[in-house]
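For reference, the structure is listed below as structure tokens.
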Amino acid sequence: MRPEERCAAERLKAFFETNGHIVSYKPGPDPHAPPDIVFRADEATWGVEHTQLFQYVEGGNGELSRLDVTKPLCDRLKEQLLQETKGERKSSWRFFLLGPLNPKQLRAIKQAAKWAILKDDPSYFEDFQTDEVKLKRVQDDACTIYVICGLSASSRIPGSNRLTADIQGEIDYTISRILRQKGLRLEALSGYDKRVLLIDSEYFFADPANVAQAIRSSAALSSGWNLIFLITYKSVTKVGGLDEKFS
């Protein structure tokens with residue numbers, strides 16, 4: 001099992017147990033076919049598909065997850081700047097970027113930031129300073145580089161003109177995407193007393209209410225699941241499925 005699957009399975013197991021079930025779980029029998037996890041709840045066997053809920057943004061040539069946007073900014077750009085200015089930094093610097101940014105933009109931004117850091121002079125970055133791209137010299141003893149990144153206020157939900165600030169619109173898009181993909185795997189899932197979809201949220205603003213609303217609006221896509229659960233940082237909640245009640 002992947003670490004994120006095991007963590008989600010432990011959360012779901014604890015939830016079942018608080019509802020009075022005697023529960024155990026194990027990996028699915030085939031890592032290349034559904035289900036991801038097999039639960040034994042009392043005398044029933046549940047086939048559980050696990051997925052993660054991310055925020056998505058229009059990337060020009062298609063959709064990008066939030067991690068696709070922020071991870072290159074936070075990790076790769078920081079690592080490159082640290083390496084290329086190693087031993088020559090006289091100050092610390094705080095980098096603030098909002099994406100998505102295309103590779104050409106990133107290369108130009110990185111080069112300008114590199115010269116500003118090497119020369120210890122923010123003016124080398126003046127042509128790039130905006131509300132969404134900022135580089136600032138920081139007076140401390142670390143002589144390091146801090147990177148803060150996120151999505152631009154003008155970024156849009158894939159395939160639409162809606163801004164990613166539209167939380168329900170973003171969740172509707174992501175849930176529809178999940179149900180389409182998992183629906184294909186559902187067709188191959190047989191021999192279980194219940195079919196369960198476990199959605200593990202990696203989007204802070206996804207809560208049980210707005211995820212349940214998104215599932216209801218995609219009812220035709222979710223009709224094969226007995227139960228759909230949402231895991232957030234603070235709860236496990238039934239948010240959809242054929243079974244009206246979980247007991």
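Residues are named by chain letter and number: chains run A, B, ... in the order of the structure tokens, numbers start at 1 in each chain, and ligands are numbered from 1 in the order shown.
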Q.
So that I can see what lies close to Ile157 (chain A), please list as a ChimeraX atom specification the residues with an atom at most 9 Å from it, counting only C-alpha atoms and leaving out residues fewer than 3 positions away in the same chain.
A. /A:55-58,63,160-166,169-170,173
(Q) Let's see if you can do this: from backbone DSSP, list all alpha helix (DSSP H) residues in region 23-226 of chain A, as a ChimeraX atom specification. (A) /A:66-71,78-84,103-119,167-186,208-217
Just-selected residues, C-alpha atoms written as a CSV table (one decimal), in the first residue's frame:
```
chain,number,residue,atom,x,y,z
A,66,ARG,CA,-2.2,22.9,-7.3
A,67,LEU,CA,0.9,20.8,-6.6
A,68,ASP,CA,1.9,21.0,-10.2
A,69,VAL,CA,1.9,24.8,-9.9
A,70,THR,CA,3.4,25.3,-6.4
A,71,LYS,CA,5.9,22.4,-6.1
A,78,LYS,CA,14.4,27.5,-4.4
A,79,GLU,CA,16.9,24.6,-4.8
A,80,GLN,CA,18.3,26.0,-8.0
A,81,LEU,CA,18.8,29.5,-6.5
A,82,LEU,CA,20.3,28.2,-3.3
A,83,GLN,CA,22.8,26.1,-5.4
A,84,GLU,CA,23.6,28.8,-7.9
A,103,PRO,CA,8.7,27.6,-18.2
A,104,LYS,CA,9.9,30.6,-20.2
A,105,GLN,CA,8.6,33.0,-17.5
A,106,LEU,CA,10.2,30.9,-14.7
A,107,ARG,CA,13.6,30.9,-16.4
A,108,ALA,CA,13.6,34.7,-16.8
A,109,ILE,CA,12.4,35.2,-13.2
A,110,LYS,CA,15.0,32.9,-11.9
A,111,GLN,CA,17.8,34.5,-13.8
A,112,ALA,CA,16.8,38.0,-12.6
A,113,ALA,CA,16.5,36.8,-9.0
A,114,LYS,CA,19.9,35.1,-9.3
A,115,TRP,CA,21.6,38.4,-10.3
A,116,ALA,CA,19.8,40.4,-7.6
A,117,ILE,CA,21.0,37.9,-5.0
A,118,LEU,CA,24.5,37.7,-6.3
A,119,LYS,CA,24.8,41.5,-6.5
A,167,ILE,CA,-14.7,27.3,-4.2
A,168,GLN,CA,-17.9,25.4,-5.1
A,169,GLY,CA,-17.1,25.6,-8.8
A,170,GLU,CA,-13.6,24.2,-8.1
A,171,ILE,CA,-15.0,21.4,-6.0
A,172,ASP,CA,-17.7,20.6,-8.6
A,173,TYR,CA,-15.0,20.3,-11.2
A,174,THR,CA,-12.7,18.1,-9.1
A,175,ILE,CA,-15.5,15.8,-7.8
A,176,SER,CA,-16.8,15.3,-11.4
A,177,ARG,CA,-13.3,14.4,-12.4
A,178,ILE,CA,-12.9,11.9,-9.6
A,179,LEU,CA,-16.2,10.2,-10.2
A,180,ARG,CA,-15.5,9.9,-14.0
A,181,GLN,CA,-12.2,8.3,-13.3
A,182,LYS,CA,-13.3,6.0,-10.5
A,183,GLY,CA,-16.4,5.1,-12.4
A,184,LEU,CA,-14.2,3.3,-14.9
A,185,ARG,CA,-12.6,1.3,-12.1
A,186,LEU,CA,-15.9,0.7,-10.5
A,208,PRO,CA,-18.3,17.7,3.8
A,209,ALA,CA,-21.1,20.1,2.9
A,210,ASN,CA,-19.7,21.4,-0.4
A,211,VAL,CA,-18.3,18.0,-1.4
A,212,ALA,CA,-21.7,16.4,-0.8
A,213,GLN,CA,-23.3,19.1,-2.9
A,214,ALA,CA,-20.9,18.4,-5.7
A,215,ILE,CA,-21.6,14.7,-5.5
A,216,ARG,CA,-25.4,15.3,-5.6
A,217,SER,CA,-25.0,17.4,-8.7
```
Q.
Please identify the strand (DSSP E) residues within region 98-181 of chain A (assignment by DSSP from backbone atoms) and present them as a PyMOL selection string.
A. chain A and resi 98-99+133-138+145-151
Find the residues of region 19-54 of chain A that sit at most 9 Å from region 230-247 of chain A; for each, write down the nearest two atoms and how far apart they are in Å, to one decimal. Count only C-alpha atoms. Sort by chain, then by number going up, and give it as a Markdown table.
```
| residue | atom | partner | partner_atom | distance |
| --- | --- | --- | --- | --- |
| A:Asn19 | CA | A:Ser247 | CA | 6.9 |
| A:Gly20 | CA | A:Ser247 | CA | 8.4 |
| A:His21 | CA | A:Ser247 | CA | 8.7 |
```
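Atom pair CA of Asp140 (chain A) / CA of Arg94 (chain A) has a distance of 11.2 Å (rounded to one decimal).
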Q. Excluding same-chain residues fewer than 2 positions from Ala8 (chain A), what lies within 12 Å of it counting only C-alpha atoms, as a PyMOL selection string?
A. chain A and resi 1-6+10-15+25+36-37+48-52+197-202+229-233+235-236
For the residues selected in the previous step, produce a file with N, CA and C atoms as a compact mmCIF listing (two decimals), in the first residue's frame.
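Wrote selection20.txt, looks like this:
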```
# COMPACT_ATOMS: atom_id res chain seq x y z
N MET A 1 0.84 -1.20 0.00
CA MET A 1 0.00 0.00 0.00
C MET A 1 0.87 1.24 0.00
N ARG A 2 0.43 2.25 -0.72
CA ARG A 2 1.13 3.53 -0.67
C ARG A 2 0.89 4.18 0.69
N PRO A 3 1.83 5.01 1.15
CA PRO A 3 1.67 5.63 2.48
C PRO A 3 0.35 6.39 2.63
N GLU A 4 -0.05 7.12 1.57
CA GLU A 4 -1.30 7.88 1.67
C GLU A 4 -2.51 6.96 1.76
N GLU A 5 -2.45 5.79 1.12
CA GLU A 5 -3.55 4.83 1.22
C GLU A 5 -3.62 4.24 2.62
N ARG A 6 -2.46 3.90 3.18
CA ARG A 6 -2.45 3.32 4.52
C ARG A 6 -2.96 4.33 5.55
N GLU A 10 -6.30 3.83 7.85
CA GLU A 10 -6.31 3.92 9.32
C GLU A 10 -7.38 4.89 9.80
N ARG A 11 -7.51 6.02 9.09
CA ARG A 11 -8.54 6.99 9.47
C ARG A 11 -9.94 6.39 9.32
N LEU A 12 -10.16 5.67 8.20
CA LEU A 12 -11.47 5.07 7.97
C LEU A 12 -11.74 3.94 8.97
N LYS A 13 -10.74 3.16 9.30
CA LYS A 13 -10.88 2.09 10.29
C LYS A 13 -11.31 2.66 11.64
N ALA A 14 -10.64 3.74 12.06
CA ALA A 14 -11.00 4.37 13.34
C ALA A 14 -12.43 4.88 13.31
N PHE A 15 -12.84 5.43 12.15
CA PHE A 15 -14.21 5.93 12.01
C PHE A 15 -15.21 4.79 12.13
N TYR A 25 -8.44 -4.38 7.71
CA TYR A 25 -8.26 -4.06 6.29
C TYR A 25 -6.95 -4.64 5.80
N ASP A 36 -8.42 -0.66 -4.21
CA ASP A 36 -7.14 -0.31 -3.58
C ASP A 36 -6.99 -0.98 -2.23
N ILE A 37 -8.10 -1.05 -1.47
CA ILE A 37 -8.10 -1.57 -0.11
C ILE A 37 -9.31 -2.48 0.07
N VAL A 48 -12.78 -0.96 -1.37
CA VAL A 48 -12.61 0.49 -1.17
C VAL A 48 -11.61 1.04 -2.19
N GLU A 49 -12.06 2.04 -2.94
CA GLU A 49 -11.19 2.78 -3.84
C GLU A 49 -10.78 4.09 -3.16
N HIS A 50 -9.49 4.37 -3.15
CA HIS A 50 -8.96 5.58 -2.52
C HIS A 50 -8.55 6.57 -3.59
N THR A 51 -8.83 7.85 -3.34
CA THR A 51 -8.36 8.90 -4.23
C THR A 51 -8.12 10.15 -3.42
N GLN A 52 -7.39 11.10 -4.00
CA GLN A 52 -7.12 12.36 -3.31
C GLN A 52 -7.77 13.52 -4.07
N LEU A 197 -16.08 4.49 -1.94
CA LEU A 197 -15.12 5.47 -2.46
C LEU A 197 -14.64 6.33 -1.29
N LEU A 198 -13.33 6.38 -1.12
CA LEU A 198 -12.72 7.13 -0.02
C LEU A 198 -11.96 8.31 -0.61
N ILE A 199 -12.46 9.52 -0.38
CA ILE A 199 -11.86 10.73 -0.95
C ILE A 199 -11.05 11.42 0.14
N ASP A 200 -9.78 11.53 -0.09
CA ASP A 200 -8.82 12.09 0.87
C ASP A 200 -8.50 13.52 0.43
N SER A 201 -8.98 14.51 1.19
CA SER A 201 -8.87 15.90 0.73
C SER A 201 -7.49 16.49 0.93
N GLU A 202 -6.96 17.06 -0.16
CA GLU A 202 -5.73 17.84 -0.12
C GLU A 202 -6.04 19.30 -0.46
N PHE A 229 -17.01 8.46 1.30
CA PHE A 229 -16.52 9.15 2.50
C PHE A 229 -15.50 10.22 2.11
N LEU A 230 -15.52 11.30 2.87
CA LEU A 230 -14.52 12.36 2.72
C LEU A 230 -13.67 12.41 3.98
N ILE A 231 -12.35 12.39 3.78
CA ILE A 231 -11.41 12.58 4.88
C ILE A 231 -10.83 13.98 4.77
N THR A 232 -10.97 14.77 5.81
CA THR A 232 -10.30 16.06 5.90
C THR A 232 -9.31 16.00 7.06
N TYR A 233 -8.62 17.11 7.28
CA TYR A 233 -7.64 17.12 8.37
C TYR A 233 -8.29 16.93 9.73
N SER A 235 -11.82 15.40 10.12
CA SER A 235 -12.98 14.51 10.23
C SER A 235 -13.01 13.48 9.11
N VAL A 236 -13.82 12.42 9.34
CA VAL A 236 -14.21 11.47 8.30
C VAL A 236 -15.73 11.53 8.25
```
Q) What separation in Å, quoted to one decimal, exists between CA of His32 (chain A) and CA of Ser223 (chain A)? A)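 Here the two named atoms are 23.5 Å from each other.
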Q | Atomic separation - CA of Lys134 (chain A) relative to CA of Leu64 (chain A), Å | A |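 These atoms are spaced 22.7 Å apart.
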Q: Mind checking which residues fall within 7 Å of Phe39 (chain A), counting only C-alpha atoms, ignoring those fewer than 4 positions away in the same chain, and posting them as a PyMOL selection string?
A: chain A and resi 23-26+45-47
Q.
Report as number ranges by chain all protein, DNA and RNA residues lying within 10 Å of Trp93 (chain A), evaluated on only C-alpha atoms, omitting residues in the same chain fewer than 2 positions from it.
A. A: 89-91, 95-96, 113, 116-117, 120, 122, 135-140, 142-147
Once you have the residues from the selection above, write them out as an mmCIF file, in the first residue's frame, restricted to C-alpha atoms.
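Output file result_25.cif is given in full below:
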```cif
data_model
loop_
_atom_site.group_PDB
_atom_site.id
_atom_site.type_symbol
_atom_site.label_atom_id
_atom_site.label_comp_id
_atom_site.auth_asym_id
_atom_site.auth_seq_id
_atom_site.Cartn_x
_atom_site.Cartn_y
_atom_site.Cartn_z
ATOM 1 C CA ARG A 89 24.818 35.384 -0.657
ATOM 2 C CA LYS A 90 25.292 38.355 1.641
ATOM 3 C CA SER A 91 21.632 38.565 2.723
ATOM 4 C CA PHE A 95 10.497 35.212 -2.849
ATOM 5 C CA PHE A 96 6.712 35.488 -3.387
ATOM 6 C CA ALA A 113 16.497 36.788 -9.038
ATOM 7 C CA ALA A 116 19.767 40.361 -7.597
ATOM 8 C CA ILE A 117 20.959 37.864 -4.971
ATOM 9 C CA ASP A 120 22.884 41.913 -3.216
ATOM 10 C CA PRO A 122 16.949 44.170 -5.483
ATOM 11 C CA LEU A 135 11.611 39.454 -4.411
ATOM 12 C CA LYS A 136 12.648 41.202 -1.202
ATOM 13 C CA ARG A 137 15.916 41.371 0.671
ATOM 14 C CA VAL A 138 15.622 40.329 4.316
ATOM 15 C CA GLN A 139 17.999 41.374 7.048
ATOM 16 C CA ASP A 140 18.815 38.310 9.102
ATOM 17 C CA ALA A 142 20.661 33.049 7.754
ATOM 18 C CA CYS A 143 21.656 34.244 4.258
ATOM 19 C CA THR A 144 19.091 31.871 2.806
ATOM 20 C CA ILE A 145 16.129 32.043 0.414
ATOM 21 C CA TYR A 146 12.508 31.759 1.487
ATOM 22 C CA VAL A 147 9.865 30.915 -1.121
#
```
**Q.** Who sits within 9 Å of region 97-99 of chain A, only C-alpha atoms, same chain under 6 positions skipped, as a VMD selection string
**A.** chain A and resid 69 to 70 73 to 74 131 to 135 147 to 153 155
